[in-house]
>>> print(open('structure_35.pdb').read())   # PDB, C-alpha atoms
ATOM      1  CA  ILE A   1       0.000   0.000   0.000
ATOM      2  CA  LEU A   2       1.402   3.379  -1.030
ATOM      3  CA  SER A   3       0.492   6.868   0.176
ATOM      4  CA  LEU A   4      -0.201   9.505  -2.465
ATOM      5  CA  VAL A   5       0.745  13.020  -1.329
ATOM      6  CA  ASN A   6       0.025  16.509  -2.633
ATOM      7  CA  GLU A   7       2.502  19.256  -3.454
ATOM      8  CA  ASN A   8       2.852  19.980   0.273
ATOM      9  CA  GLU A   9       3.759  16.354   1.012
ATOM     10  CA  LYS A  10       0.464  15.793   2.824
ATOM     11  CA  PRO A  11      -1.179  12.385   2.308
ATOM     12  CA  VAL A  12      -4.373  12.490   0.260
ATOM     13  CA  LEU A  13      -5.038   8.879  -0.836
ATOM     14  CA  TYR A  14      -3.816   5.327  -0.490
ATOM     15  CA  THR A  15      -3.253   3.115  -3.507
ATOM     16  CA  ALA A  16      -2.260  -0.460  -4.326
ATOM     17  CA  ASP A  17      -1.479  -2.349  -7.524
ATOM     18  CA  ILE A  18      -3.538  -5.542  -7.487
ATOM     19  CA  SER A  19      -2.928  -8.716  -9.477
ATOM     20  CA  THR A  20      -5.131 -11.486  -8.183
ATOM     21  CA  PRO A  21      -6.461 -14.738  -9.632
ATOM     22  CA  VAL A  22     -10.167 -14.960 -10.355
ATOM     23  CA  CYS A  23     -11.499 -18.468 -10.743
ATOM     24  CA  ALA A  24     -14.875 -19.313 -12.267
ATOM     25  CA  ASP A  25     -16.322 -22.292 -14.104
ATOM     26  CA  GLY A  26     -13.094 -24.241 -13.677
ATOM     27  CA  GLU A  27     -10.970 -21.492 -15.228
ATOM     28  CA  CYS A  28      -8.570 -19.088 -13.478
ATOM     29  CA  LYS A  29      -7.133 -15.847 -14.812
ATOM     30  CA  LEU A  30      -5.375 -12.838 -13.359
ATOM     31  CA  MET A  31      -7.247  -9.596 -12.726
ATOM     32  CA  HIS A  32      -5.109  -6.441 -12.759
ATOM     33  CA  LEU A  33      -6.337  -3.240 -11.098
ATOM     34  CA  LYS A  34      -4.953  -0.179  -9.356
ATOM     35  CA  LEU A  35      -7.210   0.583  -6.374
ATOM     36  CA  TYR A  36      -7.534   3.818  -4.410
ATOM     37  CA  TRP A  37      -8.825   4.477  -0.885
ATOM     38  CA  THR A  38      -9.378   7.633   1.147
ATOM     39  CA  LEU A  39      -7.390   8.302   4.298
ATOM     40  CA  LEU A  40     -10.148   6.581   6.270
ATOM     41  CA  GLY A  41     -10.166   3.464   4.104
ATOM     42  CA  GLU A  42     -13.200   4.301   1.971
ATOM     43  CA  TYR A  43     -13.195   3.283  -1.674
ATOM     44  CA  ALA A  44     -12.059   6.205  -3.852
ATOM     45  CA  GLY A  45     -11.764   4.682  -7.320
ATOM     46  CA  PHE A  46      -9.734   2.395  -9.560
ATOM     47  CA  ASP A  47      -7.577   2.538 -12.664
ATOM     48  CA  ARG A  48      -7.345  -0.184 -15.271
ATOM     49  CA  TYR A  49      -4.171  -1.211 -17.071
ATOM     50  CA  PRO A  50      -4.423  -0.547 -20.850
ATOM     51  CA  ASP A  51      -2.411  -3.668 -21.653
ATOM     52  CA  ALA A  52      -4.422  -5.856 -19.260
ATOM     53  CA  PRO A  53      -8.132  -5.033 -19.709
ATOM     54  CA  LEU A  54     -10.732  -6.764 -17.585
ATOM     55  CA  THR A  55     -12.750  -9.482 -19.297
ATOM     56  CA  ASN A  56     -15.820 -11.591 -18.577
ATOM     57  CA  HIS A  57     -15.897 -15.398 -18.572
ATOM     58  CA  ASP A  58     -16.287 -15.433 -22.350
ATOM     59  CA  HIS A  59     -13.023 -13.438 -22.617
ATOM     60  CA  ASP A  60     -14.859 -10.396 -23.950
ATOM     61  CA  GLU A  61     -13.137  -7.199 -22.846
ATOM     62  CA  PHE A  62     -15.043  -4.796 -20.595
ATOM     63  CA  ILE A  63     -16.565  -1.842 -22.419
ATOM     64  CA  GLN A  64     -16.766   1.629 -20.845
ATOM     65  CA  GLY A  65     -20.217   0.911 -19.394
ATOM     66  CA  ASP A  66     -18.859  -2.220 -17.702
ATOM     67  CA  TYR A  67     -16.122  -0.234 -15.973
ATOM     68  CA  GLU A  68     -18.699   2.316 -14.820
ATOM     69  CA  LYS A  69     -20.886  -0.479 -13.463
ATOM     70  CA  LEU A  70     -17.915  -1.934 -11.590
ATOM     71  CA  HIS A  71     -17.135   1.484 -10.111
ATOM     72  CA  ASN A  72     -20.732   1.916  -8.914
ATOM     73  CA  LEU A  73     -20.628  -1.545  -7.348
ATOM     74  CA  LEU A  74     -17.349  -0.889  -5.544
ATOM     75  CA  ASN A  75     -18.753   2.411  -4.309
ATOM     76  CA  ASP A  76     -21.578   0.541  -2.526
ATOM     77  CA  ASP A  77     -20.234  -0.531   0.851
ATOM     78  CA  LYS A  78     -23.654  -1.989   1.741
ATOM     79  CA  SER A  79     -23.666  -4.416  -1.215
ATOM     80  CA  ILE A  80     -25.090  -7.896  -0.738
ATOM     81  CA  PHE A  81     -21.536  -9.066  -1.536
ATOM     82  CA  GLY A  82     -20.644  -8.293   2.063
ATOM     83  CA  ARG A  83     -23.346 -10.609   3.418
ATOM     84  CA  ARG A  84     -23.221 -13.591   1.084
ATOM     85  CA  SER A  85     -20.600 -16.029  -0.101
ATOM     86  CA  ILE A  86     -20.066 -16.344  -3.837
ATOM     87  CA  ASP A  87     -21.884 -19.676  -4.047
ATOM     88  CA  ARG A  88     -25.049 -18.007  -2.710
ATOM     89  CA  LEU A  89     -25.007 -15.469  -5.534
ATOM     90  CA  VAL A  90     -25.617 -17.974  -8.309
ATOM     91  CA  GLU A  91     -28.628 -20.123  -9.051
ATOM     92  CA  LYS A  92     -28.518 -23.915  -8.833
ATOM     93  CA  PRO A  93     -25.393 -24.807 -10.835
ATOM     94  CA  LYS A  94     -25.187 -26.902 -13.986
ATOM     95  CA  LEU A  95     -22.382 -29.157 -15.110
ATOM     96  CA  ARG A  96     -20.587 -28.131 -18.299
ATOM     97  CA  THR A  97     -17.243 -28.841 -19.956
ATOM     98  CA  VAL A  98     -14.434 -26.284 -20.279
ATOM     99  CA  ASN A  99     -11.397 -27.340 -22.307
ATOM    100  CA  GLY A 100     -12.291 -30.977 -21.757
ATOM    101  CA  VAL A 101     -12.654 -30.505 -17.973
ATOM    102  CA  ASP A 102     -15.945 -30.828 -16.120
ATOM    103  CA  ALA A 103     -16.870 -27.502 -14.543
ATOM    104  CA  ILE A 104     -19.827 -26.152 -12.609
ATOM    105  CA  SER A 105     -21.559 -22.935 -13.677
ATOM    106  CA  GLY A 106     -24.701 -21.107 -12.648
ATOM    107  CA  ALA A 107     -26.571 -17.950 -13.539
ATOM    108  CA  THR A 108     -26.220 -14.877 -11.332
ATOM    109  CA  ILE A 109     -29.210 -14.456  -9.011
ATOM    110  CA  ALA A 110     -31.692 -11.679  -9.813
ATOM    111  CA  GLN A 111     -30.828  -9.646  -6.663
ATOM    112  CA  VAL A 112     -27.388  -8.769  -7.983
ATOM    113  CA  LYS A 113     -27.728  -9.318 -11.728
ATOM    114  CA  GLU A 114     -28.293  -5.627 -12.523
ATOM    115  CA  SER A 115     -25.434  -4.380 -10.355
ATOM    116  CA  VAL A 116     -22.650  -6.648 -11.682
ATOM    117  CA  VAL A 117     -20.978  -6.724 -15.082
ATOM    118  CA  HIS A 118     -22.543  -9.366 -17.308
ATOM    119  CA  GLY A 119     -20.508 -12.551 -17.181
ATOM    120  CA  ALA A 120     -18.078 -11.174 -14.597
ATOM    121  CA  LEU A 121     -19.666 -11.987 -11.237
ATOM    122  CA  TYR A 122     -16.493 -13.548  -9.840
ATOM    123  CA  SER A 123     -14.313 -10.608 -10.890
ATOM    124  CA  CYS A 124     -16.782  -8.136  -9.379
ATOM    125  CA  TYR A 125     -17.048 -10.159  -6.170
ATOM    126  CA  THR A 126     -13.268 -10.453  -5.819
ATOM    127  CA  ALA A 127     -12.734  -6.736  -6.457
ATOM    128  CA  TRP A 128     -15.452  -5.742  -3.961
ATOM    129  CA  HIS A 129     -13.843  -7.785  -1.179
ATOM    130  CA  LEU A 130     -10.410  -6.386  -1.968
ATOM    131  CA  VAL A 131     -11.827  -2.883  -1.582
ATOM    132  CA  HIS A 132     -14.001  -3.454   1.479
ATOM    133  CA  GLY A 133     -12.129  -6.148   3.392
ATOM    134  CA  ASN A 134      -9.734  -5.879   6.341
ATOM    135  CA  ILE A 135      -7.673  -3.391   4.359
ATOM    136  CA  GLN A 136      -9.996  -0.562   5.443
ATOM    137  CA  GLU A 137      -9.120  -0.828   9.142
ATOM    138  CA  GLN A 138      -5.433  -1.155   8.269
ATOM    139  CA  LEU A 139      -5.558   2.049   6.256
ATOM    140  CA  LYS A 140      -7.412   3.916   8.991
ATOM    141  CA  GLY A 141      -4.719   2.752  11.397
ATOM    142  CA  LYS A 142      -2.030   4.170   9.088
ATOM    143  CA  THR A 143      -3.816   7.522   9.096
ATOM    144  CA  LEU A 144      -4.123   7.531  12.889
ATOM    145  CA  ALA A 145      -0.360   6.997  13.074
ATOM    146  CA  LEU A 146       0.149  10.030  10.814
ATOM    147  CA  LEU A 147      -2.460  12.188  12.554
ATOM    148  CA  ASN A 148      -1.519  15.736  13.482
ATOM    149  CA  GLU A 149      -3.302  19.027  13.967
ATOM    150  CA  ARG A 150      -2.854  20.137  10.352
ATOM    151  CA  LEU A 151      -4.333  16.920   8.964
ATOM    152  CA  ILE A 152      -7.339  17.213  11.303
ATOM    153  CA  ILE A 153      -8.002  20.777  10.146
ATOM    154  CA  ASP A 154      -7.629  19.764   6.480
ATOM    155  CA  MET A 155     -10.259  17.081   7.047
ATOM    156  CA  LEU A 156     -12.540  19.581   8.784
ATOM    157  CA  TYR A 157     -12.506  21.759   5.649
ATOM    158  CA  SER A 158     -13.027  18.793   3.318
ATOM    159  CA  ILE A 159     -16.347  18.132   1.556
ATOM    160  CA  ASN A 160     -16.048  14.460   2.554
ATOM    161  CA  GLN A 161     -18.608  13.783   5.304
ATOM    162  CA  GLU A 162     -16.539  10.967   6.838
ATOM    163  CA  TYR A 163     -13.530  13.292   7.031
ATOM    164  CA  GLN A 164     -15.663  15.949   8.726
ATOM    165  CA  ILE A 165     -16.946  13.478  11.330
ATOM    166  CA  PHE A 166     -13.422  12.181  11.939
ATOM    167  CA  ALA A 167     -12.128  15.731  12.394
ATOM    168  CA  LEU A 168     -14.943  16.625  14.794
ATOM    169  CA  GLU A 169     -14.116  13.549  16.858
ATOM    170  CA  ASN A 170     -10.402  14.411  17.057
ATOM    171  CA  ILE A 171     -10.203  18.214  17.143
ATOM    172  CA  ASN A 172      -9.299  19.786  20.472
ATOM    173  CA  ASN A 173     -11.490  22.390  22.181
ATOM    174  CA  VAL A 174      -9.187  25.303  21.377
ATOM    175  CA  LYS A 175      -9.225  24.564  17.636
ATOM    176  CA  TYR A 176     -12.965  23.821  17.793
ATOM    177  CA  LYS A 177     -13.572  27.411  18.875
ATOM    178  CA  GLU A 178     -10.976  28.814  16.491
ATOM    179  CA  HIS A 179     -12.727  27.178  13.517
ATOM    180  CA  TYR A 180     -16.293  27.639  14.734
ATOM    181  CA  LEU A 181     -17.414  29.366  11.513
ATOM    182  CA  GLN A 182     -16.394  26.345   9.423
ATOM    183  CA  ILE A 183     -18.089  24.016  11.906
ATOM    184  CA  ALA A 184     -21.222  26.168  11.755
ATOM    185  CA  GLU A 185     -21.136  25.962   7.948
ATOM    186  CA  ILE A 186     -20.890  22.167   8.215
ATOM    187  CA  PHE A 187     -23.911  22.263  10.523
ATOM    188  CA  ARG A 188     -25.854  24.336   8.015
ATOM    189  CA  ALA A 189     -24.957  22.378   4.875
ATOM    190  CA  SER A 190     -24.216  18.818   5.944
ATOM    191  CA  THR A 191     -26.392  15.760   6.596
ATOM    192  CA  PRO A 192     -28.684  15.098   9.577
ATOM    193  CA  LEU A 193     -26.101  12.645  10.945
ATOM    194  CA  VAL A 194     -23.340  15.252  11.119
ATOM    195  CA  ARG A 195     -25.755  17.897  12.417
ATOM    196  CA  SER A 196     -26.870  15.618  15.227
ATOM    197  CA  ILE A 197     -23.265  15.248  16.389
ATOM    198  CA  LEU A 198     -22.818  19.018  16.418
ATOM    199  CA  ALA A 199     -26.172  19.836  18.018
ATOM    200  CA  LYS A 200     -25.503  17.482  20.932
ATOM    201  CA  GLN A 201     -22.151  19.204  21.553
ATOM    202  CA  LEU A 202     -23.283  22.764  20.977
ATOM    203  CA  THR A 203     -23.738  24.188  24.477
ATOM    204  CA  SER A 204     -20.928  22.129  26.043
ATOM    205  CA  LYS A 205     -18.301  23.013  23.424
ATOM    206  CA  PHE A 206     -19.089  26.730  23.667
ATOM    207  CA  LYS A 207     -19.952  26.841  27.374
ATOM    208  CA  ASP A 208     -17.290  29.478  28.056
ATOM    209  CA  ALA A 209     -17.798  31.242  24.692
ATOM    210  CA  PRO A 210     -21.587  31.527  24.247
ATOM    211  CA  ASP A 211     -21.365  34.135  21.471
ATOM    212  CA  LEU A 212     -19.830  31.494  19.185
ATOM    213  CA  GLN A 213     -23.115  29.606  19.226
ATOM    214  CA  PHE A 214     -24.818  32.357  17.238
ATOM    215  CA  PRO A 215     -24.409  30.979  13.653
ATOM    216  CA  PHE A 216     -25.708  27.557  14.737
ATOM    217  CA  TRP A 217     -28.957  28.955  16.144
ATOM    218  CA  GLU A 218     -29.242  31.345  13.211
ATOM    219  CA  ALA A 219     -29.400  28.284  10.913
ATOM    220  CA  PHE A 220     -32.412  26.914  12.800
ATOM    221  CA  GLU A 221     -34.998  27.133  10.031
ATOM    222  CA  VAL A 222     -32.732  25.770   7.266
ATOM    223  CA  VAL A 223     -31.776  22.489   8.985
ATOM    224  CA  ASP A 224     -33.899  19.351   9.173
ATOM    225  CA  SER A 225     -36.609  18.875  11.790
ATOM    226  CA  GLY A 226     -34.598  16.318  13.771
ATOM    227  CA  SER A 227     -31.734  18.790  14.158
ATOM    228  CA  ARG A 228     -34.187  21.518  15.225
ATOM    229  CA  SER A 229     -35.518  19.191  17.922
ATOM    230  CA  LEU A 230     -31.987  18.575  19.194
ATOM    231  CA  LEU A 231     -31.372  22.321  19.285
ATOM    232  CA  VAL A 232     -34.455  23.158  21.330
ATOM    233  CA  GLN A 233     -33.446  20.440  23.777
ATOM    234  CA  CYS A 234     -30.337  22.549  24.447
ATOM    235  CA  LEU A 235     -32.330  25.666  25.397
ATOM    236  CA  GLY A 236     -31.848  25.110  29.107
ATOM    237  CA  ASP A 237     -28.120  25.755  28.713
ATOM    238  CA  ALA A 238     -28.348  28.255  25.858
ATOM    239  CA  PRO A 239     -27.503  31.977  26.208
ATOM    240  CA  ASP A 240     -30.427  34.393  26.489
ATOM    241  CA  TYR A 241     -29.943  35.866  22.995
ATOM    242  CA  VAL A 242     -31.017  32.510  21.535
ATOM    243  CA  TYR A 243     -34.631  33.259  22.493
ATOM    244  CA  ASP A 244     -34.442  36.450  20.454
ATOM    245  CA  ILE A 245     -33.232  34.457  17.443
ATOM    246  CA  LEU A 246     -35.792  31.687  17.724
ATOM    247  CA  SER A 247     -38.746  33.965  18.432
ATOM    248  CA  VAL A 248     -38.699  35.059  14.771
ATOM    249  CA  LYS A 249     -38.412  31.468  13.548
ATOM    250  CA  LEU A 250     -41.530  30.035  15.213
ATOM    251  CA  SER A 251     -43.052  29.122  11.844
ATOM    252  CA  ALA A 252     -40.246  26.603  11.338
ATOM    253  CA  MET A 253     -41.108  24.746  14.545
ATOM    254  CA  SER A 254     -43.170  21.609  14.914
ATOM    255  CA  LYS A 255     -45.818  21.460  17.618
ATOM    256  CA  ASN A 256     -43.463  19.732  20.045
ATOM    257  CA  GLN A 257     -40.599  22.119  19.301
ATOM    258  CA  LEU A 258     -42.833  25.132  19.874
ATOM    259  CA  ASN A 259     -44.082  23.667  23.143
ATOM    260  CA  VAL A 260     -40.511  23.122  24.353
ATOM    261  CA  PHE A 261     -39.561  26.674  23.402
ATOM    262  CA  LEU A 262     -42.570  28.257  25.134
ATOM    263  CA  ASN A 263     -42.187  26.085  28.232
ATOM    264  CA  HIS A 264     -38.628  27.310  28.647
ATOM    265  CA  LEU A 265     -39.903  30.880  28.486
ATOM    266  CA  VAL A 266     -42.548  30.179  31.140
ATOM    267  CA  ASN A 267     -39.794  29.152  33.535
ATOM    268  CA  LYS A 268     -37.611  32.196  32.915
ATOM    269  CA  GLU A 269     -37.666  35.060  35.402
ATOM    270  CA  TYR A 270     -37.288  37.645  32.657
ATOM    271  CA  VAL A 271     -38.410  37.521  29.024
ATOM    272  CA  ASN A 272     -37.197  40.150  26.598
ATOM    273  CA  PRO A 273     -40.199  42.305  25.479
ATOM    274  CA  ILE A 274     -39.047  41.869  21.865
ATOM    275  CA  VAL A 275     -39.423  38.094  22.255
ATOM    276  CA  LYS A 276     -42.984  38.607  23.509
ATOM    277  CA  GLN A 277     -43.750  40.892  20.572
ATOM    278  CA  ASN A 278     -42.503  38.271  18.127
ATOM    279  CA  ILE A 279     -44.619  35.593  19.825
ATOM    280  CA  GLU A 280     -47.639  37.874  19.687
ATOM    281  CA  ALA A 281     -47.092  38.479  15.967
ATOM    282  CA  PHE A 282     -46.966  34.710  15.419
ATOM    283  CA  ALA A 283     -50.109  34.202  17.537
ATOM    284  CA  ASN A 284     -52.022  36.565  15.258
ATOM    285  CA  MET A 285     -51.089  34.808  12.018
ATOM    286  CA  GLU A 286     -54.202  33.182  10.579
ATOM    287  CA  ASN A 287     -52.337  30.619   8.481
ATOM    288  CA  GLU A 288     -50.208  29.215  11.339
ATOM    289  CA  THR A 289     -51.547  25.864  12.595
ATOM    290  CA  TYR A 290     -49.930  26.199  16.006
ATOM    291  CA  ALA A 291     -50.676  29.882  16.593
ATOM    292  CA  TYR A 292     -53.066  28.841  19.363
ATOM    293  CA  LEU A 293     -50.096  27.616  21.429
ATOM    294  CA  ALA A 294     -48.603  31.096  21.302
ATOM    295  CA  GLN A 295     -51.994  32.569  22.220
ATOM    296  CA  GLU A 296     -52.209  30.265  25.251
ATOM    297  CA  PHE A 297     -48.708  31.270  26.287
ATOM    298  CA  LEU A 298     -49.532  34.967  26.074
ATOM    299  CA  GLU A 299     -52.742  34.446  28.078
ATOM    300  CA  GLY A 300     -50.671  32.826  30.796
ATOM    301  CA  GLN A 301     -48.305  35.769  30.896
ATOM    302  CA  LYS A 302     -51.043  38.281  31.820
TER     303      LYS A 302
END
>>> encode(input="structure_35.pdb", output="structure tokens")
Amino acid sequence: ILSLVNENEKPVLYTADISTPVCADGECKLMHLKLYWTLLGEYAGFDRYPDAPLTNHDHDEFIQGDYEKLHNLLNDDKSIFGRRSIDRLVEKPKLRTVNGVDAISGATIAQVKESVVHGALYSCYTAWHLVHGNIQEQLKGKTLALLNERLIIDMLYSINQEYQIFALENINNVKYKEHYLQIAEIFRASTPLVRSILAKQLTSKFKDAPDLQFPFWEAFEVVDSGSRSLLVQCLGDAPDYVYDILSVKLSAMSKNQLNVFLNHLVNKEYVNPIVKQNIEAFANMENETYAYLAQEFLEGQK
């Protein structure tokens, strides 16, 4: 396994030249590929060798569409290939003769037929296990051995979600605060999984720097409902200005989220008059399904 580095000598990918036998129907041949993995052991792509093209069991060379199909298969780490042995991916076998030798063959089962290259089940299966086998943990271990602050920050600014999660798990509190705007942008633009990690850490990570929470709360109405629910669960430890922010975003709240928000206000000794004005404006909106909850809150405040 080799490390590929950029112009600054920082590792960016791992690669390996693979020559492995593929045996099917009593015949064995070598498959030649150059495989690539990310720094966390995820599949990143492959190169073929021009003088050693891949072929199916009829010795027909792969066409461009076959290589694309192989790439899509290798990119699927949840493939059925990871759960079944090769003999469970073919229908009941038939006996046939290859070069005068009895050999067993069977048709590819329907569940995988569309995702593998026609006539190349064994090659696809072998390649998938090379990509997704024990090698992934070995590569992640190599990266952990190389890990430093600069690499963590590079991963934080990557568009790769797995890199972002890895960086968030390994960044120290000082750098977390220093790069809070990038982390807030990840919160705004990333997936619910990454947002949930950040939302659960929000008030603890910025406990001694509450102003840095601002861009996270400001993104309230643009994130998914699950992330909004996690945010409102943090209100008990949130700085007071958060109520000002959320009071103009009540339309984005579900019934439960609105109830949590208003219940926190009920228990506060002081509520900013601007917050009350915003709640009153929401309560008077005819097209808001949950306006009655705001009306009930305001009645209780009299």
>>> resolve_selection(input="structure_35.pdb", expression="the PyMOL selection byres ((chain A and resi 62-72) around 8)", output="list of chain:residue names")
A:Gly45, A:Phe46, A:Pro53, A:Leu54, A:Thr55, A:Asn56, A:Asp60, A:Glu61, A:Leu73, A:Leu74, A:Asn75, A:Asp76, A:Ser115, A:Val116, A:Val117, A:Cys124
>>> write_last_selection(input="structure_35.pdb", atoms="C-alpha atoms", output="short mmCIF file (atom, residue, chain, number, x, y, z; two decimals), in the frame of the given file")
data_model
loop_
_atom_site.label_atom_id
_atom_site.label_comp_id
_atom_site.auth_asym_id
_atom_site.auth_seq_id
_atom_site.Cartn_x
_atom_site.Cartn_y
_atom_site.Cartn_z
CA GLY A 45 -11.76 4.68 -7.32
CA PHE A 46 -9.73 2.40 -9.56
CA PRO A 53 -8.13 -5.03 -19.71
CA LEU A 54 -10.73 -6.76 -17.58
CA THR A 55 -12.75 -9.48 -19.30
CA ASN A 56 -15.82 -11.59 -18.58
CA ASP A 60 -14.86 -10.40 -23.95
CA GLU A 61 -13.14 -7.20 -22.85
CA LEU A 73 -20.63 -1.54 -7.35
CA LEU A 74 -17.35 -0.89 -5.54
CA ASN A 75 -18.75 2.41 -4.31
CA ASP A 76 -21.58 0.54 -2.53
CA SER A 115 -25.43 -4.38 -10.36
CA VAL A 116 -22.65 -6.65 -11.68
CA VAL A 117 -20.98 -6.72 -15.08
CA CYS A 124 -16.78 -8.14 -9.38
#
>>> residues_around(input="structure_35.pdb", residues="Gln138 in chain A", least_positions_apart="6", cutoff="10 Å", atoms="all atoms listed in the file", output="PyMOL selection string")
chain A and resi 1+40-41+144
>>> residues_around(input="structure_35.pdb", residues="range 5-12 of chain A", least_positions_apart="6", cutoff="9 Å", atoms="only C-alpha atoms", output="compact mmCIF listing (two decimals) with C-alpha atoms, in the frame of the given file")
# COMPACT_ATOMS: atom_id res chain seq x y z
CA THR A 38 -9.38 7.63 1.15
CA LEU A 39 -7.39 8.30 4.30
CA THR A 143 -3.82 7.52 9.10
CA LEU A 146 0.15 10.03 10.81
CA LEU A 151 -4.33 16.92 8.96
>>> atom_distance(input="structure_35.pdb", atom1="CA of Ala184 in chain A", atom2="CA of Phe216 in chain A")
5.6 Å
>>> residues_near_point(input="structure_35.pdb", point="(-28.8, 26.2, 3.8)", cutoff="8 Å", atoms="all atoms listed in the file", output="PDB file with C-alpha atoms, keeping the file's coordinate frame")
ATOM      1  CA  ARG A 188     -25.854  24.336   8.015  1.00  0.00           C
ATOM      2  CA  ALA A 189     -24.957  22.378   4.875  1.00  0.00           C
ATOM      3  CA  ALA A 219     -29.400  28.284  10.913  1.00  0.00           C
ATOM      4  CA  VAL A 222     -32.732  25.770   7.266  1.00  0.00           C
ATOM      5  CA  VAL A 223     -31.776  22.489   8.985  1.00  0.00           C
TER       6      VAL A 223
END
>>> closest_residue(input="structure_35.pdb", among="A:Tyr122, A:Tyr49, A:Phe206, A:Tyr157", to="Ile186 in chain A", atoms="all atoms listed in the file")
A:Tyr157
>>> residues_around(input="structure_35.pdb", residues="Val275 in chain A", least_positions_apart="5", cutoff="9 Å", atoms="only C-alpha atoms", output="list of chain:residue names")
A:Tyr243, A:Asp244, A:Ile245, A:Leu246, A:Ser247, A:Val248, A:Glu280
>>> closest_residue(input="structure_35.pdb", among="A:Glu269, A:Glu42, A:Asp58, A:Glu221", to="His132 in chain A", atoms="all atoms listed in the file")
A:Glu42
>>> resolve_selection(input="structure_35.pdb", expression="the PyMOL selection byres ((chain A and resi 208) around 12)", output="list of chain:residue names")
A:Asn173, A:Val174, A:Lys177, A:Leu202, A:Thr203, A:Ser204, A:Lys205, A:Phe206, A:Lys207, A:Ala209, A:Pro210, A:Asp211, A:Leu212, A:Gln213, A:Asp237, A:Ala238, A:Pro239
>>> axis_aligned_box(input="structure_35.pdb", around="range 185-191 of chain A", padding_each_side="3 Å", output="AutoDock Vina command-line options")
--center_x -23.6 --center_y 20.9 --center_z 7.7 --size_x 11.5 --size_y 16.2 --size_z 11.6
>>> residues_around(input="structure_35.pdb", residues="Ser227 in chain A", least_positions_apart="6", cutoff="10 Å", atoms="all atoms listed in the file", output="MDAnalysis selection string")
chainID A and resid 187 191:200 220:221 233
>>> closest_residue(input="structure_35.pdb", among="A:Cys28, A:Ile159, A:Leu258, A:Cys23", to="Leu293 in chain A", atoms="all atoms listed in the file")
A:Leu258
>>> closest_residue(input="structure_35.pdb", among="A:Thr289, A:Asn172, A:Gln277, A:Gln136", to="Glu149 in chain A", atoms="all atoms listed in the file")
A:Asn172
>>> closest_residue(input="structure_35.pdb", among="A:Leu156, A:Ala52, A:Ile86, A:Leu298", to="Leu168 in chain A", atoms="all atoms listed in the file")
A:Leu156
>>> residues_near_point(input="structure_35.pdb", point="(-45.1, 25.9, 24.0)", cutoff="7 Å", atoms="all atoms listed in the file", output="JSON, numbers by chain")
{"A": [258, 259, 260, 261, 262, 263, 293, 294, 297]}
>>> atom_distance(input="structure_35.pdb", atom1="CA of Gly141 in chain A", atom2="CA of Lys34 in chain A")
21.0 Å
>>> atom_distance(input="structure_35.pdb", atom1="CA of His264 in chain A", atom2="CA of Ser229 in chain A")
13.8 Å
>>> closest_residue(input="structure_35.pdb", among="A:Ser251, A:Thr126, A:Asn256, A:Asn284", to="Pro21 in chain A", atoms="only C-alpha atoms")
A:Thr126
